[in-house]
Amino acid sequence: MTKPRLERPALDQLARHAKNIRRHVLRMAAGRGQGYVGQGLDAADILAALYFGEMRHDPAQPDWPERDRFLLSTGHYSIVLFAALAEAGVLNEAELDTYGADGSRLEMSSLETTPGVEITGGSLGHGLSLAAGMALGARLTGATHRVFNFLSDGELQEGATWEAAMFAAHQRLDRLVAIVDVNRTQADGPLEDVLEVEPVADKWRAFGWQAVEVNGNDLSELVPALATTRRRGRKPRVIVCHTRLGYGVPLIMERERAHFVRVEADEWDEASRQLERLA
Ligand SMILES: Cc1ncc(C[n+]2csc(CCOP(=O)(O)OP(=O)(O)O)c2C)c(N)n1
Ligand SMILES: [Mg+2]
């Protein structure tokens, strides 16, 4: 089996991928007039940094056994995973238009049967347990790939996440990386109204993790933070990413509630125009 190239592209190239991922997200949601657009826009920089920089993977062989695993714990963020997989060439861009349609492989909550998708999502709070198990399994078999688990601040409100955090630290799973999207919101509203989770980084440290905090919408912070996770260190790592729901499209960012977005046909054109103005 051929080995994929491991070059890490420059920041401006990553920014182009992030912008394309956002374009794909808008295109996908425009198809049905709805979707988890805010999350797709908010996490685009993180997925660009992973899929086009940090992760070892080969789009031509999505099941390559030595690939780093990306586990999307937040199934409802599937829109950004599909967008990144299309940008990487794992999925065909034309298929993106089927997002959320009956019979489509691109469900609004991701399924492991879709190429490039490692786990089925939907029931929140389970991703970190799966990731910890995979990282432990990899170590037991002598494999060297890493496991990246993407989770949300809403999932920090679930007890299972902290059981998995405790287990991963106990097992010293230093090839496990958690990436937490702290966008300060969940389905029922802002975290300060529903259930506060701060101080997020200190909670992880108390559970035995090495934690860094970055602006998750700034590649110049994300990329070096991800690079530090390559060092072996006897602790699992977490990158706490502070993001904005809808980042790059003011029409979405300014909505009072943007957990699930329905947008009128004429507003999609304006959303696209706004995205093109993003540097
Ligand atoms: C176990 C479980 N409980 C509740 C839900 C319903 N639910 C779907 S999305 C969501 C919000 C989770 O928080 P977060 O991912 O931070 O939301 P976002 O930032 O996307 O608004 C909830 C509670 C679920 N999918 N799974
Ligand atoms: Mg959230």
# chains A, B, ... in the order shown; residues from 1 in each chain; ligands from 1
>>> closest_atom_pairs(of="chain A", to="ligand 2", cutoff="12 Å", atoms="only C-alpha atoms and all ligand atoms", output="CSV")
residue,atom,partner,partner_atom_place_in_ligand_line,distance
A:Tyr36,CA,ligand 2,1 (Mg),11.6
A:Gly38,CA,ligand 2,1 (Mg),10.1
A:Gln39,CA,ligand 2,1 (Mg),8.2
A:Gly40,CA,ligand 2,1 (Mg),11.8
A:Asp42,CA,ligand 2,1 (Mg),10.0
A:Ala43,CA,ligand 2,1 (Mg),10.8
A:Thr74,CA,ligand 2,1 (Mg),9.5
A:His76,CA,ligand 2,1 (Mg),10.9
A:Tyr77,CA,ligand 2,1 (Mg),10.3
A:Leu124,CA,ligand 2,1 (Mg),11.6
A:Phe150,CA,ligand 2,1 (Mg),11.7
A:Leu151,CA,ligand 2,1 (Mg),8.9
A:Ser152,CA,ligand 2,1 (Mg),5.2
A:Asp153,CA,ligand 2,1 (Mg),4.7
A:Gly154,CA,ligand 2,1 (Mg),5.0
A:Glu155,CA,ligand 2,1 (Mg),7.9
A:Leu156,CA,ligand 2,1 (Mg),9.3
A:Gln157,CA,ligand 2,1 (Mg),10.3
A:Val180,CA,ligand 2,1 (Mg),9.1
A:Asp181,CA,ligand 2,1 (Mg),6.6
A:Val182,CA,ligand 2,1 (Mg),5.8
A:Asn183,CA,ligand 2,1 (Mg),4.8
A:Arg184,CA,ligand 2,1 (Mg),5.4
A:Thr185,CA,ligand 2,1 (Mg),4.2
A:Gln186,CA,ligand 2,1 (Mg),4.4
A:Ala187,CA,ligand 2,1 (Mg),7.8
A:Asp188,CA,ligand 2,1 (Mg),10.1
A:Gly189,CA,ligand 2,1 (Mg),9.1
A:Pro190,CA,ligand 2,1 (Mg),8.3
A:Leu191,CA,ligand 2,1 (Mg),8.0
A:Glu192,CA,ligand 2,1 (Mg),11.6
A:Val194,CA,ligand 2,1 (Mg),11.2
A:Leu195,CA,ligand 2,1 (Mg),11.3
A:Glu196,CA,ligand 2,1 (Mg),11.3
A:Val197,CA,ligand 2,1 (Mg),10.6
A:Cys241,CA,ligand 2,1 (Mg),10.9
A:His242,CA,ligand 2,1 (Mg),10.1
A:Thr243,CA,ligand 2,1 (Mg),9.2
A:Arg244,CA,ligand 2,1 (Mg),9.4
A:Leu245,CA,ligand 2,1 (Mg),8.2
A:Gly246,CA,ligand 2,1 (Mg),11.6
A:Arg257,CA,ligand 2,1 (Mg),11.8
A:Ala258,CA,ligand 2,1 (Mg),10.5
A:His259,CA,ligand 2,1 (Mg),8.3
A:Phe260,CA,ligand 2,1 (Mg),11.6
>>> write_last_selection(atoms="N, CA and C atoms", output="compact mmCIF listing (two decimals), in the first residue's frame")
# COMPACT_ATOMS: atom_id res chain seq x y z
N TYR A 36 -27.48 22.43 9.75
CA TYR A 36 -26.65 22.92 10.86
C TYR A 36 -25.53 23.80 10.28
N GLY A 38 -24.67 26.93 11.06
CA GLY A 38 -23.86 27.67 12.02
C GLY A 38 -22.66 26.85 12.47
N GLN A 39 -22.90 25.56 12.75
CA GLN A 39 -21.81 24.69 13.20
C GLN A 39 -20.81 24.46 12.07
N GLY A 40 -21.33 24.30 10.85
CA GLY A 40 -20.44 24.08 9.71
C GLY A 40 -19.49 25.25 9.51
N ASP A 42 -18.70 27.46 11.83
CA ASP A 42 -17.88 27.67 13.03
C ASP A 42 -16.68 26.71 13.07
N ALA A 43 -16.86 25.48 12.57
CA ALA A 43 -15.81 24.46 12.68
C ALA A 43 -14.96 24.30 11.42
N THR A 74 -20.05 14.90 17.67
CA THR A 74 -21.26 15.70 17.45
C THR A 74 -21.84 15.37 16.08
N HIS A 76 -24.50 16.01 14.68
CA HIS A 76 -25.20 17.08 13.96
C HIS A 76 -24.26 18.03 13.24
N TYR A 77 -22.94 17.92 13.50
CA TYR A 77 -21.95 18.72 12.75
C TYR A 77 -21.58 18.01 11.43
N LEU A 124 -25.44 12.26 21.63
CA LEU A 124 -24.24 12.99 22.02
C LEU A 124 -23.59 12.40 23.27
N PHE A 150 -13.57 15.11 18.00
CA PHE A 150 -14.17 16.45 17.98
C PHE A 150 -15.43 16.42 18.84
N LEU A 151 -15.48 17.24 19.85
CA LEU A 151 -16.70 17.30 20.66
C LEU A 151 -17.09 18.74 20.92
N SER A 152 -18.27 18.92 21.48
CA SER A 152 -18.81 20.28 21.62
C SER A 152 -18.93 20.64 23.09
N ASP A 153 -19.14 21.94 23.32
CA ASP A 153 -19.31 22.38 24.71
C ASP A 153 -20.60 21.80 25.32
N GLY A 154 -21.61 21.56 24.48
CA GLY A 154 -22.83 20.92 24.99
C GLY A 154 -22.53 19.52 25.51
N GLU A 155 -21.55 18.85 24.90
CA GLU A 155 -21.19 17.49 25.35
C GLU A 155 -20.42 17.50 26.67
N LEU A 156 -19.90 18.66 27.04
CA LEU A 156 -19.25 18.76 28.35
C LEU A 156 -20.29 18.75 29.46
N GLN A 157 -21.55 18.89 29.09
CA GLN A 157 -22.63 18.84 30.09
C GLN A 157 -23.09 17.40 30.34
N VAL A 180 -12.31 20.50 21.48
CA VAL A 180 -13.63 20.92 21.98
C VAL A 180 -14.03 22.24 21.32
N ASP A 181 -15.17 22.22 20.68
CA ASP A 181 -15.70 23.44 20.07
C ASP A 181 -16.53 24.19 21.11
N VAL A 182 -15.93 25.24 21.65
CA VAL A 182 -16.65 26.05 22.64
C VAL A 182 -17.27 27.25 21.91
N ASN A 183 -18.50 27.04 21.45
CA ASN A 183 -19.19 28.14 20.75
C ASN A 183 -20.23 28.79 21.67
N ARG A 184 -20.22 28.39 22.91
CA ARG A 184 -21.04 29.00 23.97
C ARG A 184 -22.54 28.81 23.75
N THR A 185 -22.90 27.77 23.01
CA THR A 185 -24.33 27.54 22.81
C THR A 185 -24.62 26.05 22.71
N GLN A 186 -25.84 25.68 23.00
CA GLN A 186 -26.33 24.32 22.74
C GLN A 186 -27.79 24.43 22.29
N ALA A 187 -28.47 23.28 22.12
CA ALA A 187 -29.78 23.31 21.47
C ALA A 187 -30.80 24.18 22.21
N ASP A 188 -30.70 24.25 23.53
CA ASP A 188 -31.70 24.99 24.30
C ASP A 188 -31.33 26.45 24.53
N GLY A 189 -30.14 26.86 24.05
CA GLY A 189 -29.77 28.27 24.20
C GLY A 189 -28.35 28.46 24.66
N PRO A 190 -28.00 29.69 25.06
CA PRO A 190 -26.63 29.98 25.50
C PRO A 190 -26.27 29.23 26.77
N LEU A 191 -24.99 28.85 26.88
CA LEU A 191 -24.57 28.04 28.03
C LEU A 191 -24.79 28.76 29.35
N GLU A 192 -24.65 30.09 29.33
CA GLU A 192 -24.81 30.81 30.61
C GLU A 192 -26.25 30.70 31.13
N VAL A 194 -28.34 27.88 30.15
CA VAL A 194 -28.73 26.46 30.24
C VAL A 194 -27.92 25.73 31.32
N LEU A 195 -26.59 25.74 31.17
CA LEU A 195 -25.71 25.08 32.15
C LEU A 195 -24.28 25.50 31.82
N GLU A 196 -23.68 26.26 32.72
CA GLU A 196 -22.32 26.80 32.47
C GLU A 196 -21.28 25.67 32.50
N VAL A 197 -20.28 25.74 31.61
CA VAL A 197 -19.24 24.71 31.58
C VAL A 197 -17.86 25.25 31.92
N CYS A 241 -11.19 25.09 21.75
CA CYS A 241 -11.31 26.05 20.64
C CYS A 241 -12.49 26.99 20.88
N HIS A 242 -12.19 28.25 21.07
CA HIS A 242 -13.26 29.24 21.21
C HIS A 242 -13.66 29.69 19.81
N THR A 243 -14.92 29.46 19.48
CA THR A 243 -15.39 29.74 18.12
C THR A 243 -16.68 30.57 18.16
N ARG A 244 -17.11 30.99 16.98
CA ARG A 244 -18.38 31.70 16.84
C ARG A 244 -19.29 30.90 15.91
N LEU A 245 -20.48 30.59 16.38
CA LEU A 245 -21.47 29.92 15.53
C LEU A 245 -21.72 30.81 14.29
N GLY A 246 -21.59 30.21 13.12
CA GLY A 246 -21.85 30.98 11.89
C GLY A 246 -20.68 31.81 11.41
N ARG A 257 -30.96 32.77 17.69
CA ARG A 257 -30.88 31.31 17.84
C ARG A 257 -30.42 30.73 16.51
N ALA A 258 -29.27 30.08 16.50
CA ALA A 258 -28.76 29.55 15.23
C ALA A 258 -28.33 28.09 15.36
N HIS A 259 -28.90 27.37 16.34
CA HIS A 259 -28.52 25.97 16.50
C HIS A 259 -28.90 25.16 15.25
N PHE A 260 -30.12 25.39 14.76
CA PHE A 260 -30.57 24.78 13.50
C PHE A 260 -31.18 25.90 12.67
>>> residues_around(residues="Gly89 of chain A", least_positions_apart="4", cutoff="8 Å", atoms="only C-alpha atoms", output="PyMOL selection string")
chain A and resi 59-60+85
>>> atom_distance(atom1="atom CA of Thr229 of chain A", atom2="atom CA of Thr120 of chain A")
25.3 Å
>>> select_by_dssp(residues="segment 40-202 of chain A", states="strand (DSSP E)", output="list in words")
Arg69, Phe70, Leu71, Leu72, Val147, Phe148, Asn149, Phe150, Leu151, Ser152, Leu176, Val177, Ala178, Ile179, Val180, Asp181, Val182, Thr185, Gln186, Gly189 and Pro190 of chain A
>>> write_last_selection(atoms="N, CA and C atoms", output="CSV table (one decimal), in the first residue's frame")
chain,number,residue,atom,x,y,z
A,69,ARG,N,-7.4,8.7,13.0
A,69,ARG,CA,-8.9,8.6,13.0
A,69,ARG,C,-9.4,10.0,13.4
A,70,PHE,N,-10.5,10.5,12.7
A,70,PHE,CA,-11.2,11.7,13.1
A,70,PHE,C,-12.6,11.2,13.5
A,71,LEU,N,-12.9,11.4,14.8
A,71,LEU,CA,-14.2,10.9,15.3
A,71,LEU,C,-15.1,12.2,15.5
A,72,LEU,N,-16.1,12.3,14.8
A,72,LEU,CA,-17.1,13.4,15.0
A,72,LEU,C,-18.1,12.9,16.0
A,147,VAL,N,-5.7,9.4,17.3
A,147,VAL,CA,-7.2,9.5,17.3
A,147,VAL,C,-7.6,10.9,17.7
A,148,PHE,N,-8.3,11.6,16.8
A,148,PHE,CA,-8.7,13.0,17.1
A,148,PHE,C,-10.3,12.9,17.4
A,149,ASN,N,-10.7,13.4,18.5
A,149,ASN,CA,-12.1,13.4,18.8
A,149,ASN,C,-12.6,14.8,18.9
A,150,PHE,N,-13.6,15.1,18.0
A,150,PHE,CA,-14.2,16.5,18.0
A,150,PHE,C,-15.4,16.4,18.8
A,151,LEU,N,-15.5,17.2,19.8
A,151,LEU,CA,-16.7,17.3,20.7
A,151,LEU,C,-17.1,18.7,20.9
A,152,SER,N,-18.3,18.9,21.5
A,152,SER,CA,-18.8,20.3,21.6
A,152,SER,C,-18.9,20.6,23.1
A,176,LEU,N,-4.1,10.3,21.9
A,176,LEU,CA,-5.5,10.8,21.8
A,176,LEU,C,-5.5,12.3,21.9
A,177,VAL,N,-6.3,12.9,21.0
A,177,VAL,CA,-6.4,14.4,21.0
A,177,VAL,C,-7.9,14.7,21.0
A,178,ALA,N,-8.3,15.5,22.0
A,178,ALA,CA,-9.7,16.0,22.0
A,178,ALA,C,-9.7,17.4,21.5
A,179,ILE,N,-10.7,17.7,20.7
A,179,ILE,CA,-10.8,19.1,20.2
A,179,ILE,C,-12.2,19.5,20.6
A,180,VAL,N,-12.3,20.5,21.5
A,180,VAL,CA,-13.6,20.9,22.0
A,180,VAL,C,-14.0,22.2,21.3
A,181,ASP,N,-15.2,22.2,20.7
A,181,ASP,CA,-15.7,23.4,20.1
A,181,ASP,C,-16.5,24.2,21.1
A,182,VAL,N,-15.9,25.2,21.6
A,182,VAL,CA,-16.7,26.0,22.6
A,182,VAL,C,-17.3,27.2,21.9
A,185,THR,N,-22.9,27.8,23.0
A,185,THR,CA,-24.3,27.5,22.8
A,185,THR,C,-24.6,26.1,22.7
A,186,GLN,N,-25.8,25.7,23.0
A,186,GLN,CA,-26.3,24.3,22.7
A,186,GLN,C,-27.8,24.4,22.3
A,189,GLY,N,-30.1,26.9,24.0
A,189,GLY,CA,-29.8,28.3,24.2
A,189,GLY,C,-28.3,28.5,24.7
A,190,PRO,N,-28.0,29.7,25.1
A,190,PRO,CA,-26.6,30.0,25.5
A,190,PRO,C,-26.3,29.2,26.8
>>> closest_residue(among="A:Gly75, A:Pro224, A:Pro236, A:Pro250", to="Glu112 of chain A", atoms="only C-alpha atoms")
A:Gly75
>>> closest_residue(among="A:Arg255, A:Gly31, A:Arg146, A:Asp97", to="Arg230 of chain A", atoms="only C-alpha atoms")
A:Arg146
>>> closest_residue(among="A:Ala227, A:Ile119, A:Ala29, A:Ala160", to="ligand 1", atoms="only C-alpha atoms and all ligand atoms")
A:Ala160
>>> select_by_dssp(residues="segment 147-239 of chain A", states="helix (DSSP H, G or I)", output="ChimeraX atom specification")
/A:153-157,159-170,191-194,200-206,219-228
>>> write_last_selection(atoms="N, CA and C atoms", output="compact mmCIF listing (two decimals), in the first residue's frame")
# COMPACT_ATOMS: atom_id res chain seq x y z
N ASP A 153 -19.14 21.94 23.32
CA ASP A 153 -19.31 22.38 24.71
C ASP A 153 -20.60 21.80 25.32
N GLY A 154 -21.61 21.56 24.48
CA GLY A 154 -22.83 20.92 24.99
C GLY A 154 -22.53 19.52 25.51
N GLU A 155 -21.55 18.85 24.90
CA GLU A 155 -21.19 17.49 25.35
C GLU A 155 -20.42 17.50 26.67
N LEU A 156 -19.90 18.66 27.04
CA LEU A 156 -19.25 18.76 28.35
C LEU A 156 -20.29 18.75 29.46
N GLN A 157 -21.55 18.89 29.09
CA GLN A 157 -22.63 18.84 30.09
C GLN A 157 -23.09 17.40 30.34
N GLY A 159 -22.24 13.50 31.57
CA GLY A 159 -21.33 12.79 32.46
C GLY A 159 -20.41 11.82 31.76
N ALA A 160 -20.90 11.16 30.70
CA ALA A 160 -20.09 10.14 30.02
C ALA A 160 -18.79 10.73 29.48
N THR A 161 -18.84 11.99 29.08
CA THR A 161 -17.63 12.64 28.57
C THR A 161 -16.54 12.62 29.63
N TRP A 162 -16.93 12.89 30.87
CA TRP A 162 -15.92 12.98 31.94
C TRP A 162 -15.46 11.61 32.42
N GLU A 163 -16.30 10.60 32.28
CA GLU A 163 -15.82 9.24 32.56
C GLU A 163 -14.73 8.87 31.56
N ALA A 164 -14.97 9.19 30.30
CA ALA A 164 -13.99 8.88 29.26
C ALA A 164 -12.71 9.70 29.48
N ALA A 165 -12.86 10.94 29.90
CA ALA A 165 -11.69 11.80 30.14
C ALA A 165 -10.82 11.19 31.25
N MET A 166 -11.47 10.74 32.29
CA MET A 166 -10.76 10.15 33.42
C MET A 166 -10.03 8.86 32.98
N PHE A 167 -10.72 8.04 32.20
CA PHE A 167 -10.15 6.79 31.71
C PHE A 167 -8.93 7.05 30.82
N ALA A 168 -9.06 8.02 29.91
CA ALA A 168 -7.96 8.30 28.96
C ALA A 168 -6.71 8.77 29.69
N ALA A 169 -6.90 9.59 30.73
CA ALA A 169 -5.74 10.06 31.49
C ALA A 169 -5.14 8.90 32.28
N HIS A 170 -5.98 8.08 32.87
CA HIS A 170 -5.50 6.92 33.64
C HIS A 170 -4.63 6.02 32.76
N LEU A 191 -24.99 28.85 26.88
CA LEU A 191 -24.57 28.04 28.03
C LEU A 191 -24.79 28.76 29.35
N GLU A 192 -24.65 30.09 29.33
CA GLU A 192 -24.81 30.81 30.61
C GLU A 192 -26.25 30.70 31.13
N ASP A 193 -27.20 30.43 30.22
CA ASP A 193 -28.59 30.26 30.66
C ASP A 193 -28.92 28.79 30.95
N VAL A 194 -28.34 27.88 30.15
CA VAL A 194 -28.73 26.46 30.24
C VAL A 194 -27.92 25.73 31.32
N VAL A 200 -13.36 25.62 31.25
CA VAL A 200 -13.23 24.38 30.48
C VAL A 200 -11.82 23.80 30.56
N ALA A 201 -10.81 24.61 30.27
CA ALA A 201 -9.43 24.08 30.23
C ALA A 201 -9.03 23.55 31.61
N ASP A 202 -9.39 24.28 32.65
CA ASP A 202 -9.01 23.82 34.00
C ASP A 202 -9.70 22.51 34.37
N LYS A 203 -10.91 22.32 33.89
CA LYS A 203 -11.59 21.04 34.17
C LYS A 203 -10.79 19.88 33.56
N TRP A 204 -10.37 20.04 32.30
CA TRP A 204 -9.58 18.98 31.64
C TRP A 204 -8.28 18.74 32.39
N ARG A 205 -7.63 19.83 32.80
CA ARG A 205 -6.36 19.67 33.53
C ARG A 205 -6.60 18.89 34.81
N ALA A 206 -7.70 19.20 35.49
CA ALA A 206 -8.00 18.49 36.73
C ALA A 206 -8.23 17.00 36.47
N LEU A 219 -6.51 30.24 12.18
CA LEU A 219 -5.58 29.15 11.82
C LEU A 219 -4.19 29.38 12.38
N SER A 220 -3.81 30.64 12.58
CA SER A 220 -2.45 30.89 13.09
C SER A 220 -2.33 30.47 14.56
N GLU A 221 -3.45 30.29 15.24
CA GLU A 221 -3.41 29.73 16.60
C GLU A 221 -3.64 28.21 16.58
N LEU A 222 -4.55 27.79 15.71
CA LEU A 222 -4.90 26.37 15.65
C LEU A 222 -3.74 25.49 15.21
N VAL A 223 -3.05 25.91 14.18
CA VAL A 223 -2.02 25.05 13.57
C VAL A 223 -0.89 24.76 14.56
N PRO A 224 -0.30 25.78 15.21
CA PRO A 224 0.76 25.44 16.18
C PRO A 224 0.24 24.65 17.38
N ALA A 225 -1.00 24.90 17.79
CA ALA A 225 -1.55 24.13 18.92
C ALA A 225 -1.67 22.66 18.54
N LEU A 226 -2.11 22.39 17.33
CA LEU A 226 -2.20 21.00 16.87
C LEU A 226 -0.81 20.37 16.77
N ALA A 227 0.15 21.16 16.34
CA ALA A 227 1.51 20.63 16.17
C ALA A 227 2.08 20.15 17.51
N THR A 228 1.71 20.83 18.59
CA THR A 228 2.26 20.42 19.90
C THR A 228 1.75 19.04 20.31
>>> decode(residues="segment 108-133 of chain A", atoms="C-alpha atoms", output="PDB file, in the first residue's frame")
ATOM      1  CA  MET A 108     -27.878  15.530   8.978  1.00  0.00           C
ATOM      2  CA  SER A 109     -26.360  13.300  11.644  1.00  0.00           C
ATOM      3  CA  SER A 110     -23.379  11.322  10.363  1.00  0.00           C
ATOM      4  CA  LEU A 111     -23.336   7.561   9.705  1.00  0.00           C
ATOM      5  CA  GLU A 112     -20.255   5.360   9.751  1.00  0.00           C
ATOM      6  CA  THR A 113     -21.332   3.783   6.451  1.00  0.00           C
ATOM      7  CA  THR A 114     -20.473   7.000   4.572  1.00  0.00           C
ATOM      8  CA  PRO A 115     -16.921   6.920   3.136  1.00  0.00           C
ATOM      9  CA  GLY A 116     -14.464   8.745   5.383  1.00  0.00           C
ATOM     10  CA  VAL A 117     -16.804   8.726   8.406  1.00  0.00           C
ATOM     11  CA  GLU A 118     -15.479   6.705  11.348  1.00  0.00           C
ATOM     12  CA  ILE A 119     -18.456   6.611  13.733  1.00  0.00           C
ATOM     13  CA  THR A 120     -22.195   7.078  13.749  1.00  0.00           C
ATOM     14  CA  GLY A 121     -23.254  10.208  15.597  1.00  0.00           C
ATOM     15  CA  GLY A 122     -26.524  11.575  16.897  1.00  0.00           C
ATOM     16  CA  SER A 123     -26.644  10.506  20.500  1.00  0.00           C
ATOM     17  CA  LEU A 124     -24.239  12.989  22.020  1.00  0.00           C
ATOM     18  CA  GLY A 125     -21.621  12.333  24.681  1.00  0.00           C
ATOM     19  CA  HIS A 126     -20.264   9.036  23.342  1.00  0.00           C
ATOM     20  CA  GLY A 127     -17.454  10.117  21.029  1.00  0.00           C
ATOM     21  CA  LEU A 128     -14.748  10.449  23.632  1.00  0.00           C
ATOM     22  CA  SER A 129     -15.427   6.951  24.994  1.00  0.00           C
ATOM     23  CA  LEU A 130     -15.106   5.515  21.499  1.00  0.00           C
ATOM     24  CA  ALA A 131     -11.965   7.545  20.861  1.00  0.00           C
ATOM     25  CA  ALA A 132     -10.352   6.430  24.121  1.00  0.00           C
ATOM     26  CA  GLY A 133     -11.155   2.798  23.301  1.00  0.00           C
TER      27      GLY A 133
END
